[in-house]
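Structure, as structure tokens:
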Amino acid sequence: MENNGIQGSCNENQTLDIMAAFLFEFYDLSFSYHTYLAVYALAHAMNSLISCKPGQGPFLNSDCADINNFQPWQVLHYVKNVNITLDIGGDIHFDVNGDPVSAFDIANVQVFDDDDIRLINVGGFDSQQGEELHVNPKNILWANNNQIPRSVCSEECLPGYRRAGIEGQPVCCFDCVPCAQGEISVNGKDDCVKCPGDKWSNEKHDDCILKVTEFLSFEEPLGLTLTIFAAFLTFITSLVLGVFIKYRDTPIVRANNRGLSYLLLASLMLCFLCSIIFVCRPHKLTCMLRQTVFGVIFSVSVASVLAKTIVVVIVFKATNPSSSARKWLGSKTPTCIVSISSLMQVVICVVWLVRSPPFAELNMVSYQEKMIVECNEGGTIFFYCMLGYMGLLATVSFVVAFLSRNLPGSFNEAKLITFSMLVFVSVWVSFLPAYLSTRGKYMVAVEVFAILCSSAGLLGWYILSKMLYNFEEA
């Protein structure tokens, strides 16, 4: 019977050259090779069965199989133990279950222009060589002008994105989701990688870059403005101090207790200058000095005002000849008040530096995209004790001055002290919530601003107002 011009069976006069290659699969010898391997394994098994020596067999009581009447399970035993190396390469052996080693070929069906069909080996898998699948893309002949077909699922994600599977879809179908802030993805695979603590992701989220370092400095407008303001107030205070020194022997200066006035002006000048310590990159030494120096100098300023207030009250009381306040008149009283009040603040600051001193650190928590170079106050309790004690001195000065505000006109210095202390206390009461609600360089700027404003309040509402009043009286 004919089939497309080709006989259904061969005869002794036909040759392979005229036979259809695709019909007889001349280019695929896998079936013949596997048959060869099976026969070869069976032959070796039968050889082992026949070669068995009595008393050395693998079966019960070391028996051998009866070569004239052996059983299939006996042949299977020897087949399972076949382990031979072939002359053409490779070997034959079986596992404990009798299964052969996993080895597969990957064939590519290739159709040529003359309708010739071939099966070309383009790769394979052999468990003896590992668990990887090996494919040679160069041997593959693709359809559509040999163009590699595109996946019917999702395109690969770009760097900076990660794959996110779609529920109910194959694994090759996914969405590309941008990496979160502080994370990067170099090859657009499954997961984004978090940047180290001192680095942050760039805009494309494909690289980690070093975080920006921030601190209050002279180079930026905020730090420069505060520095200029501090220098200006220092200059004004030095001029006032110069006026007091020049006219030190006049009745007006002598009546204002020139010793305390000198001390107050000098301490205010140092308060303005110490604020500059805050406007620079924090280091170990500057962190240890800026809060403690500020606390001690400010305490001297407030203690000087307190001493002036008490002296005013004593002088008024001493006008009565029978008053016991007359014994407190003299230079020792204000000196003792200033010394004792300031010494308490010195003790607090010394204990602070000994027990838990401030130190410089990199704060990488407050802001994600930048690092803050700041001073860690160490023992925070000592910092608030220092502020609290300074507030206590200011409150006592305010209360004493307020209670003595109605003294006769010649003693109206108490009114000026009352108002200046009110400004002082108001500034620092406003400082605390503002200080606690800011971070980084703005926290430092708030403290510097509070130092300058409170010191300027004492200078303007007490010293300068007193000078203007005395000038009018004169």
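Just remember, in the structure tokens the first chain shown is A, the second B, etc., residues are 1-based per chain, and ligands are 1-based in the order shown.
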
Residues within 9 Å of stretch 355-367 of chain A, please, as a PDB file with all heavy atoms, in the first residue's frame. Count only C-alpha atoms; anything in the same chain fewer than 3 positions from it doesn't count.
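Okay, this is what ended up in part.pdb:
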```
ATOM      1  N   GLY A 197      23.305  51.912  57.844  1.00  0.00           N
ATOM      2  CA  GLY A 197      22.816  53.024  58.647  1.00  0.00           C
ATOM      3  C   GLY A 197      23.361  54.375  58.246  1.00  0.00           C
ATOM      4  O   GLY A 197      22.686  55.390  58.390  1.00  0.00           O
ATOM      5  N   ASP A 198      24.613  54.437  57.719  1.00  0.00           N
ATOM      6  CA  ASP A 198      25.201  55.715  57.355  1.00  0.00           C
ATOM      7  C   ASP A 198      24.979  56.074  55.894  1.00  0.00           C
ATOM      8  O   ASP A 198      25.568  57.032  55.394  1.00  0.00           O
ATOM      9  CB  ASP A 198      26.709  55.705  57.657  1.00  0.00           C
ATOM     10  CG  ASP A 198      27.444  54.607  56.894  1.00  0.00           C
ATOM     11  OD1 ASP A 198      26.771  53.662  56.426  1.00  0.00           O
ATOM     12  OD2 ASP A 198      28.677  54.690  56.769  1.00  0.00           O
ATOM     13  N   LYS A 211      25.004  59.456  53.537  1.00  0.00           N
ATOM     14  CA  LYS A 211      24.062  60.470  54.004  1.00  0.00           C
ATOM     15  C   LYS A 211      24.748  61.826  54.163  1.00  0.00           C
ATOM     16  O   LYS A 211      25.945  61.909  54.440  1.00  0.00           O
ATOM     17  CB  LYS A 211      23.456  60.058  55.354  1.00  0.00           C
ATOM     18  CG  LYS A 211      22.486  58.910  55.293  1.00  0.00           C
ATOM     19  CD  LYS A 211      21.903  58.624  56.670  1.00  0.00           C
ATOM     20  CE  LYS A 211      20.882  57.506  56.642  1.00  0.00           C
ATOM     21  NZ  LYS A 211      20.309  57.236  57.984  1.00  0.00           N
ATOM     22  N   THR A 213      25.776  65.082  56.048  1.00  0.00           N
ATOM     23  CA  THR A 213      26.072  65.402  57.444  1.00  0.00           C
ATOM     24  C   THR A 213      25.612  66.827  57.742  1.00  0.00           C
ATOM     25  O   THR A 213      25.928  67.755  56.991  1.00  0.00           O
ATOM     26  CB  THR A 213      27.577  65.271  57.720  1.00  0.00           C
ATOM     27  OG1 THR A 213      27.989  63.937  57.419  1.00  0.00           O
ATOM     28  CG2 THR A 213      27.879  65.550  59.181  1.00  0.00           C
ATOM     29  N   PRO A 282      30.253  69.852  66.401  1.00  0.00           N
ATOM     30  CA  PRO A 282      30.452  69.333  67.757  1.00  0.00           C
ATOM     31  C   PRO A 282      31.661  68.399  67.860  1.00  0.00           C
ATOM     32  O   PRO A 282      31.868  67.537  67.001  1.00  0.00           O
ATOM     33  CB  PRO A 282      29.155  68.569  68.035  1.00  0.00           C
ATOM     34  CG  PRO A 282      28.141  69.153  67.104  1.00  0.00           C
ATOM     35  CD  PRO A 282      28.918  69.513  65.874  1.00  0.00           C
ATOM     36  N   HIS A 283      32.452  68.623  68.876  1.00  0.00           N
ATOM     37  CA  HIS A 283      33.569  67.750  69.231  1.00  0.00           C
ATOM     38  C   HIS A 283      33.454  67.426  70.715  1.00  0.00           C
ATOM     39  O   HIS A 283      32.622  67.999  71.420  1.00  0.00           O
ATOM     40  CB  HIS A 283      34.910  68.413  68.925  1.00  0.00           C
ATOM     41  CG  HIS A 283      35.138  68.668  67.466  1.00  0.00           C
ATOM     42  ND1 HIS A 283      35.486  67.680  66.579  1.00  0.00           N
ATOM     43  CD2 HIS A 283      35.040  69.812  66.735  1.00  0.00           C
ATOM     44  CE1 HIS A 283      35.619  68.199  65.364  1.00  0.00           C
ATOM     45  NE2 HIS A 283      35.338  69.490  65.433  1.00  0.00           N
ATOM     46  N   LYS A 284      34.305  66.546  71.174  1.00  0.00           N
ATOM     47  CA  LYS A 284      34.238  66.126  72.573  1.00  0.00           C
ATOM     48  C   LYS A 284      34.416  67.317  73.512  1.00  0.00           C
ATOM     49  O   LYS A 284      33.659  67.493  74.477  1.00  0.00           O
ATOM     50  CB  LYS A 284      35.297  65.059  72.848  1.00  0.00           C
ATOM     51  CG  LYS A 284      35.295  64.551  74.278  1.00  0.00           C
ATOM     52  CD  LYS A 284      36.355  63.480  74.493  1.00  0.00           C
ATOM     53  CE  LYS A 284      36.339  62.985  75.934  1.00  0.00           C
ATOM     54  NZ  LYS A 284      37.378  61.934  76.171  1.00  0.00           N
ATOM     55  N   LEU A 285      35.408  68.163  73.222  1.00  0.00           N
ATOM     56  CA  LEU A 285      35.705  69.281  74.120  1.00  0.00           C
ATOM     57  C   LEU A 285      34.580  70.320  74.088  1.00  0.00           C
ATOM     58  O   LEU A 285      34.134  70.791  75.144  1.00  0.00           O
ATOM     59  CB  LEU A 285      37.031  69.926  73.718  1.00  0.00           C
ATOM     60  CG  LEU A 285      37.491  71.101  74.596  1.00  0.00           C
ATOM     61  CD1 LEU A 285      37.673  70.642  76.047  1.00  0.00           C
ATOM     62  CD2 LEU A 285      38.792  71.693  74.051  1.00  0.00           C
ATOM     63  N   THR A 286      34.124  70.696  72.884  1.00  0.00           N
ATOM     64  CA  THR A 286      33.064  71.710  72.799  1.00  0.00           C
ATOM     65  C   THR A 286      31.762  71.199  73.410  1.00  0.00           C
ATOM     66  O   THR A 286      31.011  71.978  74.017  1.00  0.00           O
ATOM     67  CB  THR A 286      32.826  72.107  71.337  1.00  0.00           C
ATOM     68  OG1 THR A 286      32.526  70.931  70.562  1.00  0.00           O
ATOM     69  CG2 THR A 286      34.054  72.779  70.749  1.00  0.00           C
ATOM     70  N   CYS A 287      31.485  69.902  73.278  1.00  0.00           N
ATOM     71  CA  CYS A 287      30.268  69.354  73.889  1.00  0.00           C
ATOM     72  C   CYS A 287      30.335  69.418  75.413  1.00  0.00           C
ATOM     73  O   CYS A 287      29.323  69.661  76.077  1.00  0.00           O
ATOM     74  CB  CYS A 287      30.059  67.910  73.431  1.00  0.00           C
ATOM     75  SG  CYS A 287      29.534  67.734  71.707  1.00  0.00           S
ATOM     76  N   MET A 288      31.530  69.201  75.967  1.00  0.00           N
ATOM     77  CA  MET A 288      31.678  69.250  77.420  1.00  0.00           C
ATOM     78  C   MET A 288      31.615  70.687  77.948  1.00  0.00           C
ATOM     79  O   MET A 288      31.147  70.915  79.071  1.00  0.00           O
ATOM     80  CB  MET A 288      33.009  68.611  77.829  1.00  0.00           C
ATOM     81  CG  MET A 288      33.089  67.106  77.568  1.00  0.00           C
ATOM     82  SD  MET A 288      34.705  66.416  77.970  1.00  0.00           S
ATOM     83  CE  MET A 288      34.772  66.715  79.737  1.00  0.00           C
ATOM     84  N   LEU A 289      32.055  71.645  77.130  1.00  0.00           N
ATOM     85  CA  LEU A 289      32.163  73.010  77.620  1.00  0.00           C
ATOM     86  C   LEU A 289      30.912  73.837  77.425  1.00  0.00           C
ATOM     87  O   LEU A 289      30.568  74.667  78.280  1.00  0.00           O
ATOM     88  CB  LEU A 289      33.345  73.720  76.932  1.00  0.00           C
ATOM     89  CG  LEU A 289      34.741  73.265  77.324  1.00  0.00           C
ATOM     90  CD1 LEU A 289      35.785  74.055  76.551  1.00  0.00           C
ATOM     91  CD2 LEU A 289      34.967  73.413  78.823  1.00  0.00           C
ATOM     92  N   GLN A 291      27.545  73.627  77.417  1.00  0.00           N
ATOM     93  CA  GLN A 291      26.438  73.687  78.372  1.00  0.00           C
ATOM     94  C   GLN A 291      26.916  74.092  79.763  1.00  0.00           C
ATOM     95  O   GLN A 291      26.253  74.874  80.458  1.00  0.00           O
ATOM     96  CB  GLN A 291      25.718  72.334  78.437  1.00  0.00           C
ATOM     97  CG  GLN A 291      25.071  71.886  77.133  1.00  0.00           C
ATOM     98  CD  GLN A 291      23.860  72.714  76.771  1.00  0.00           C
ATOM     99  OE1 GLN A 291      23.537  73.699  77.443  1.00  0.00           O
ATOM    100  NE2 GLN A 291      23.172  72.341  75.706  1.00  0.00           N
ATOM    101  N   VAL A 350      30.175  70.293  87.697  1.00  0.00           N
ATOM    102  CA  VAL A 350      31.333  69.417  87.944  1.00  0.00           C
ATOM    103  C   VAL A 350      30.873  67.969  88.106  1.00  0.00           C
ATOM    104  O   VAL A 350      31.470  67.035  87.526  1.00  0.00           O
ATOM    105  CB  VAL A 350      32.114  69.897  89.178  1.00  0.00           C
ATOM    106  CG1 VAL A 350      33.147  68.845  89.590  1.00  0.00           C
ATOM    107  CG2 VAL A 350      32.796  71.231  88.890  1.00  0.00           C
ATOM    108  N   VAL A 351      29.813  67.763  88.866  1.00  0.00           N
ATOM    109  CA  VAL A 351      29.287  66.406  89.027  1.00  0.00           C
ATOM    110  C   VAL A 351      28.829  65.855  87.677  1.00  0.00           C
ATOM    111  O   VAL A 351      29.040  64.671  87.361  1.00  0.00           O
ATOM    112  CB  VAL A 351      28.124  66.400  90.041  1.00  0.00           C
ATOM    113  CG1 VAL A 351      27.480  65.012  90.107  1.00  0.00           C
ATOM    114  CG2 VAL A 351      28.625  66.813  91.419  1.00  0.00           C
ATOM    115  N   TRP A 352      28.241  66.703  86.872  1.00  0.00           N
ATOM    116  CA  TRP A 352      27.793  66.303  85.526  1.00  0.00           C
ATOM    117  C   TRP A 352      28.980  65.818  84.680  1.00  0.00           C
ATOM    118  O   TRP A 352      28.931  64.750  84.057  1.00  0.00           O
ATOM    119  CB  TRP A 352      27.119  67.498  84.882  1.00  0.00           C
ATOM    120  CG  TRP A 352      26.526  67.237  83.519  1.00  0.00           C
ATOM    121  CD1 TRP A 352      26.442  66.038  82.871  1.00  0.00           C
ATOM    122  CD2 TRP A 352      25.934  68.204  82.660  1.00  0.00           C
ATOM    123  NE1 TRP A 352      25.832  66.200  81.654  1.00  0.00           N
ATOM    124  CE2 TRP A 352      25.509  67.519  81.497  1.00  0.00           C
ATOM    125  CE3 TRP A 352      25.716  69.578  82.754  1.00  0.00           C
ATOM    126  CZ2 TRP A 352      24.887  68.174  80.438  1.00  0.00           C
ATOM    127  CZ3 TRP A 352      25.084  70.230  81.706  1.00  0.00           C
ATOM    128  CH2 TRP A 352      24.677  69.534  80.559  1.00  0.00           C
ATOM    129  N   LYS A 370      19.596  61.971  56.320  1.00  0.00           N
ATOM    130  CA  LYS A 370      20.808  62.680  56.693  1.00  0.00           C
ATOM    131  C   LYS A 370      21.227  62.315  58.112  1.00  0.00           C
ATOM    132  O   LYS A 370      20.422  61.828  58.908  1.00  0.00           O
ATOM    133  CB  LYS A 370      20.622  64.191  56.562  1.00  0.00           C
ATOM    134  CG  LYS A 370      19.456  64.758  57.369  1.00  0.00           C
ATOM    135  CD  LYS A 370      19.242  66.229  57.057  1.00  0.00           C
ATOM    136  CE  LYS A 370      18.010  66.779  57.776  1.00  0.00           C
ATOM    137  NZ  LYS A 370      17.755  68.195  57.436  1.00  0.00           N
ATOM    138  N   MET A 371      22.524  62.555  58.407  1.00  0.00           N
ATOM    139  CA  MET A 371      23.074  62.300  59.723  1.00  0.00           C
ATOM    140  C   MET A 371      23.280  63.636  60.446  1.00  0.00           C
ATOM    141  O   MET A 371      23.752  64.607  59.840  1.00  0.00           O
ATOM    142  CB  MET A 371      24.407  61.569  59.621  1.00  0.00           C
ATOM    143  CG  MET A 371      24.325  60.183  59.014  1.00  0.00           C
ATOM    144  SD  MET A 371      25.937  59.353  59.015  1.00  0.00           S
ATOM    145  CE  MET A 371      26.826  60.363  57.829  1.00  0.00           C
ATOM    146  N   ILE A 372      22.916  63.676  61.721  1.00  0.00           N
ATOM    147  CA  ILE A 372      23.062  64.892  62.524  1.00  0.00           C
ATOM    148  C   ILE A 372      24.281  64.722  63.428  1.00  0.00           C
ATOM    149  O   ILE A 372      24.339  63.794  64.238  1.00  0.00           O
ATOM    150  CB  ILE A 372      21.806  65.162  63.369  1.00  0.00           C
ATOM    151  CG1 ILE A 372      20.547  65.156  62.485  1.00  0.00           C
ATOM    152  CG2 ILE A 372      21.950  66.477  64.100  1.00  0.00           C
ATOM    153  CD1 ILE A 372      20.552  66.196  61.412  1.00  0.00           C
ATOM    154  N   VAL A 373      25.261  65.616  63.271  1.00  0.00           N
ATOM    155  CA  VAL A 373      26.395  65.649  64.196  1.00  0.00           C
ATOM    156  C   VAL A 373      25.968  66.515  65.370  1.00  0.00           C
ATOM    157  O   VAL A 373      25.773  67.731  65.227  1.00  0.00           O
ATOM    158  CB  VAL A 373      27.654  66.227  63.520  1.00  0.00           C
ATOM    159  CG1 VAL A 373      28.846  66.123  64.460  1.00  0.00           C
ATOM    160  CG2 VAL A 373      27.945  65.492  62.223  1.00  0.00           C
ATOM    161  N   GLU A 374      25.796  65.899  66.512  1.00  0.00           N
ATOM    162  CA  GLU A 374      25.249  66.621  67.652  1.00  0.00           C
ATOM    163  C   GLU A 374      25.941  66.204  68.937  1.00  0.00           C
ATOM    164  O   GLU A 374      26.708  65.228  68.967  1.00  0.00           O
ATOM    165  CB  GLU A 374      23.750  66.367  67.769  1.00  0.00           C
ATOM    166  CG  GLU A 374      23.399  64.915  68.045  1.00  0.00           C
ATOM    167  CD  GLU A 374      21.896  64.695  68.121  1.00  0.00           C
ATOM    168  OE1 GLU A 374      21.149  65.603  67.770  1.00  0.00           O
ATOM    169  OE2 GLU A 374      21.501  63.583  68.551  1.00  0.00           O
ATOM    170  N   CYS A 375      25.651  66.965  69.974  1.00  0.00           N
ATOM    171  CA  CYS A 375      26.177  66.647  71.304  1.00  0.00           C
ATOM    172  C   CYS A 375      25.127  65.868  72.085  1.00  0.00           C
ATOM    173  O   CYS A 375      24.001  66.339  72.258  1.00  0.00           O
ATOM    174  CB  CYS A 375      26.541  67.917  72.068  1.00  0.00           C
ATOM    175  SG  CYS A 375      28.010  68.762  71.439  1.00  0.00           S
ATOM    176  N   ASN A 376      25.501  64.689  72.514  1.00  0.00           N
ATOM    177  CA  ASN A 376      24.657  63.935  73.424  1.00  0.00           C
ATOM    178  C   ASN A 376      24.942  64.457  74.832  1.00  0.00           C
ATOM    179  O   ASN A 376      26.092  64.464  75.276  1.00  0.00           O
ATOM    180  CB  ASN A 376      24.969  62.448  73.319  1.00  0.00           C
ATOM    181  CG  ASN A 376      24.022  61.589  74.125  1.00  0.00           C
ATOM    182  OD1 ASN A 376      23.697  61.882  75.265  1.00  0.00           O
ATOM    183  ND2 ASN A 376      23.579  60.500  73.538  1.00  0.00           N
ATOM    184  N   GLU A 377      23.912  64.914  75.505  1.00  0.00           N
ATOM    185  CA  GLU A 377      24.111  65.570  76.800  1.00  0.00           C
ATOM    186  C   GLU A 377      24.557  64.611  77.894  1.00  0.00           C
ATOM    187  O   GLU A 377      24.791  65.037  79.030  1.00  0.00           O
ATOM    188  CB  GLU A 377      22.823  66.282  77.237  1.00  0.00           C
ATOM    189  CG  GLU A 377      22.292  67.305  76.242  1.00  0.00           C
ATOM    190  CD  GLU A 377      23.310  68.386  75.894  1.00  0.00           C
ATOM    191  OE1 GLU A 377      24.306  68.511  76.624  1.00  0.00           O
ATOM    192  OE2 GLU A 377      23.113  69.078  74.887  1.00  0.00           O
ATOM    193  N   GLY A 378      24.703  63.337  77.579  1.00  0.00           N
ATOM    194  CA  GLY A 378      25.146  62.387  78.594  1.00  0.00           C
ATOM    195  C   GLY A 378      24.077  62.192  79.646  1.00  0.00           C
ATOM    196  O   GLY A 378      23.016  61.626  79.389  1.00  0.00           O
ATOM    197  N   GLY A 379      24.341  62.675  80.830  1.00  0.00           N
ATOM    198  CA  GLY A 379      23.336  62.630  81.893  1.00  0.00           C
ATOM    199  C   GLY A 379      22.322  63.737  81.689  1.00  0.00           C
ATOM    200  O   GLY A 379      22.536  64.881  82.123  1.00  0.00           O
ATOM    201  N   THR A 380      21.197  63.408  81.036  1.00  0.00           N
ATOM    202  CA  THR A 380      20.187  64.428  80.742  1.00  0.00           C
ATOM    203  C   THR A 380      19.634  65.055  82.013  1.00  0.00           C
ATOM    204  O   THR A 380      19.268  66.235  82.028  1.00  0.00           O
ATOM    205  CB  THR A 380      19.042  63.799  79.930  1.00  0.00           C
ATOM    206  OG1 THR A 380      19.584  63.105  78.818  1.00  0.00           O
ATOM    207  CG2 THR A 380      18.087  64.860  79.434  1.00  0.00           C
ATOM    208  N   PHE A 382      21.230  65.948  84.594  1.00  0.00           N
ATOM    209  CA  PHE A 382      22.087  67.056  85.021  1.00  0.00           C
ATOM    210  C   PHE A 382      21.821  68.304  84.171  1.00  0.00           C
ATOM    211  O   PHE A 382      21.889  69.433  84.667  1.00  0.00           O
ATOM    212  CB  PHE A 382      23.559  66.657  84.916  1.00  0.00           C
ATOM    213  CG  PHE A 382      23.961  65.578  85.878  1.00  0.00           C
ATOM    214  CD1 PHE A 382      24.187  64.289  85.444  1.00  0.00           C
ATOM    215  CD2 PHE A 382      24.105  65.848  87.230  1.00  0.00           C
ATOM    216  CE1 PHE A 382      24.558  63.287  86.319  1.00  0.00           C
ATOM    217  CE2 PHE A 382      24.472  64.852  88.132  1.00  0.00           C
ATOM    218  CZ  PHE A 382      24.696  63.564  87.669  1.00  0.00           C
ATOM    219  N   ARG A 439      14.731  69.240  66.138  1.00  0.00           N
ATOM    220  CA  ARG A 439      15.801  68.254  66.021  1.00  0.00           C
ATOM    221  C   ARG A 439      16.970  68.857  65.257  1.00  0.00           C
ATOM    222  O   ARG A 439      16.819  69.813  64.513  1.00  0.00           O
ATOM    223  CB  ARG A 439      15.311  66.989  65.284  1.00  0.00           C
ATOM    224  CG  ARG A 439      14.300  66.168  66.063  1.00  0.00           C
ATOM    225  CD  ARG A 439      14.952  65.477  67.252  1.00  0.00           C
ATOM    226  NE  ARG A 439      14.015  64.642  67.994  1.00  0.00           N
ATOM    227  CZ  ARG A 439      13.286  65.065  68.994  1.00  0.00           C
ATOM    228  NH1 ARG A 439      13.372  66.331  69.372  1.00  0.00           N
ATOM    229  NH2 ARG A 439      12.477  64.247  69.634  1.00  0.00           N
ATOM    230  N   GLY A 440      18.134  68.274  65.463  1.00  0.00           N
ATOM    231  CA  GLY A 440      19.299  68.648  64.686  1.00  0.00           C
ATOM    232  C   GLY A 440      19.784  70.058  64.969  1.00  0.00           C
ATOM    233  O   GLY A 440      19.771  70.551  66.095  1.00  0.00           O
TER     234      GLY A 440
END
```

Notebook entry, point to check: Would you give me, as a list of chain:residue names, the residues in stretch 201-400 of chain A that DSSP reads as strand (DSSP E or B)?
Noted result: A:Ser201, A:Cys208, A:Ile209, A:Leu210, A:Val212, A:Thr213, A:Glu214, A:Phe359, A:Ala360, A:Glu361, A:Leu362, A:Asn363, A:Lys370, A:Met371, A:Ile372, A:Val373, A:Glu374, A:Cys375, A:Asn376

Write a file of the just-selected residues containing N, CA and C atoms, as a PDB file, in the first residue's frame.
```pdb
ATOM      1  N   SER A 201      19.341  55.689  50.042  1.00  0.00           N
ATOM      2  CA  SER A 201      19.141  55.375  48.628  1.00  0.00           C
ATOM      3  C   SER A 201      19.105  56.650  47.792  1.00  0.00           C
ATOM      4  N   CYS A 208      23.282  52.944  47.026  1.00  0.00           N
ATOM      5  CA  CYS A 208      23.303  53.557  48.358  1.00  0.00           C
ATOM      6  C   CYS A 208      24.398  54.630  48.382  1.00  0.00           C
ATOM      7  N   ILE A 209      24.030  55.834  48.742  1.00  0.00           N
ATOM      8  CA  ILE A 209      24.982  56.934  48.822  1.00  0.00           C
ATOM      9  C   ILE A 209      25.114  57.396  50.265  1.00  0.00           C
ATOM     10  N   LEU A 210      26.251  57.977  50.583  1.00  0.00           N
ATOM     11  CA  LEU A 210      26.516  58.421  51.957  1.00  0.00           C
ATOM     12  C   LEU A 210      25.553  59.537  52.342  1.00  0.00           C
ATOM     13  N   VAL A 212      23.949  62.886  53.995  1.00  0.00           N
ATOM     14  CA  VAL A 212      24.453  64.237  54.200  1.00  0.00           C
ATOM     15  C   VAL A 212      24.650  64.487  55.697  1.00  0.00           C
ATOM     16  N   THR A 213      25.776  65.082  56.048  1.00  0.00           N
ATOM     17  CA  THR A 213      26.072  65.402  57.444  1.00  0.00           C
ATOM     18  C   THR A 213      25.612  66.827  57.742  1.00  0.00           C
ATOM     19  N   GLU A 214      24.875  67.005  58.829  1.00  0.00           N
ATOM     20  CA  GLU A 214      24.305  68.317  59.146  1.00  0.00           C
ATOM     21  C   GLU A 214      24.660  68.734  60.566  1.00  0.00           C
ATOM     22  N   PHE A 359      29.016  64.233  75.067  1.00  0.00           N
ATOM     23  CA  PHE A 359      29.956  63.750  74.048  1.00  0.00           C
ATOM     24  C   PHE A 359      29.316  63.931  72.670  1.00  0.00           C
ATOM     25  N   ALA A 360      30.159  63.970  71.648  1.00  0.00           N
ATOM     26  CA  ALA A 360      29.686  64.141  70.267  1.00  0.00           C
ATOM     27  C   ALA A 360      29.278  62.780  69.699  1.00  0.00           C
ATOM     28  N   GLU A 361      28.221  62.770  68.890  1.00  0.00           N
ATOM     29  CA  GLU A 361      27.762  61.531  68.270  1.00  0.00           C
ATOM     30  C   GLU A 361      27.071  61.833  66.945  1.00  0.00           C
ATOM     31  N   LEU A 362      26.928  60.787  66.138  1.00  0.00           N
ATOM     32  CA  LEU A 362      26.194  60.872  64.881  1.00  0.00           C
ATOM     33  C   LEU A 362      24.781  60.345  65.106  1.00  0.00           C
ATOM     34  N   ASN A 363      23.814  61.206  64.949  1.00  0.00           N
ATOM     35  CA  ASN A 363      22.414  60.815  65.109  1.00  0.00           C
ATOM     36  C   ASN A 363      21.863  60.421  63.742  1.00  0.00           C
ATOM     37  N   LYS A 370      19.596  61.971  56.320  1.00  0.00           N
ATOM     38  CA  LYS A 370      20.808  62.680  56.693  1.00  0.00           C
ATOM     39  C   LYS A 370      21.227  62.315  58.112  1.00  0.00           C
ATOM     40  N   MET A 371      22.524  62.555  58.407  1.00  0.00           N
ATOM     41  CA  MET A 371      23.074  62.300  59.723  1.00  0.00           C
ATOM     42  C   MET A 371      23.280  63.636  60.446  1.00  0.00           C
ATOM     43  N   ILE A 372      22.916  63.676  61.721  1.00  0.00           N
ATOM     44  CA  ILE A 372      23.062  64.892  62.524  1.00  0.00           C
ATOM     45  C   ILE A 372      24.281  64.722  63.428  1.00  0.00           C
ATOM     46  N   VAL A 373      25.261  65.616  63.271  1.00  0.00           N
ATOM     47  CA  VAL A 373      26.395  65.649  64.196  1.00  0.00           C
ATOM     48  C   VAL A 373      25.968  66.515  65.370  1.00  0.00           C
ATOM     49  N   GLU A 374      25.796  65.899  66.512  1.00  0.00           N
ATOM     50  CA  GLU A 374      25.249  66.621  67.652  1.00  0.00           C
ATOM     51  C   GLU A 374      25.941  66.204  68.937  1.00  0.00           C
ATOM     52  N   CYS A 375      25.651  66.965  69.974  1.00  0.00           N
ATOM     53  CA  CYS A 375      26.177  66.647  71.304  1.00  0.00           C
ATOM     54  C   CYS A 375      25.127  65.868  72.085  1.00  0.00           C
ATOM     55  N   ASN A 376      25.501  64.689  72.514  1.00  0.00           N
ATOM     56  CA  ASN A 376      24.657  63.935  73.424  1.00  0.00           C
ATOM     57  C   ASN A 376      24.942  64.457  74.832  1.00  0.00           C
TER      58      ASN A 376
END
```

Note to self: Give me, as a VMD selection string, all polymer residues having an atom no more than 12 Å from A:Gly460, counting only C-alpha atoms and skipping those fewer than 5 positions away in the same chain.
What the structure shows: chain A and resid 233 236 to 237 240 265 268 416 to 417 419 to 421 423 to 424 452 to 455 465 to 468

Check: Where does DSSP see helix (DSSP H, G or I) in stretch 271-455 of chain A, if you list the residues as a ChimeraX atom specification?
Finding: /A:271-278,284-317,324-328,332-355,380-403,409-411,413-436,441-455

With a cut-off of 12 Å, could you pull out the residues of stretch 132-225 of chain A touching stretch 104-110 of chain A and give me the nearest pair of atoms for each, distance in Å to one decimal, using only C-alpha atoms, ordered by chain and ascending number, as a Markdown table?
```
| residue | atom | partner | partner_atom | distance |
| --- | --- | --- | --- | --- |
| A:Glu132 | CA | A:Phe104 | CA | 11.8 |
| A:Leu133 | CA | A:Ile106 | CA | 9.5 |
| A:His134 | CA | A:Ile106 | CA | 8.9 |
| A:Val135 | CA | A:Ile106 | CA | 7.8 |
| A:Asn136 | CA | A:Ile106 | CA | 9.8 |
| A:Pro137 | CA | A:Asn108 | CA | 10.4 |
| A:Lys138 | CA | A:Asn108 | CA | 11.4 |
| A:Asn139 | CA | A:Asn108 | CA | 8.3 |
| A:Ile140 | CA | A:Asn108 | CA | 6.3 |
| A:Leu141 | CA | A:Gln110 | CA | 6.1 |
| A:Trp142 | CA | A:Gln110 | CA | 8.1 |
| A:Ala143 | CA | A:Gln110 | CA | 8.8 |
| A:Asn146 | CA | A:Gln110 | CA | 10.6 |
```

Notebook entry, point to check: Neighbours of A:Gly130 within 12 Å (only C-alpha atoms; same-chain residues fewer than 4 positions away dropped), as an MDAnalysis selection string?
Noted result: chainID A and resid 101:103 124:126 134

Check: Looking at only C-alpha atoms, which of A:Lys441, A:Arg248, A:Arg162, A:His205 is the one that sits closest to A:Phe278?
Finding: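 Closest to A:Phe278, using only C-alpha atoms: A:Lys441.
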
Next item on the list: With a distance cut-off of 10 Å and only C-alpha atoms, select the neighbouring residues of A:Pro58, excluding the residue or stretch itself and same-chain residues fewer than 4 positions from it, and output the selection as a list in words.
Entry: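 Those residues are Leu49, Cys52, Ser62, Asp63, Cys64, Ala65, Gln74, His77 and Tyr78 of chain A.
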
Notebook entry, point to check: Which residues, written as a PyMOL selection string, have at least one atom at most 12 Å from A:Asp66, with only C-alpha atoms counted and residues fewer than 2 positions away on the same chain left out?
Noted result: chain A and resi 46+49-54+57+59+63-64+68-72+74-75
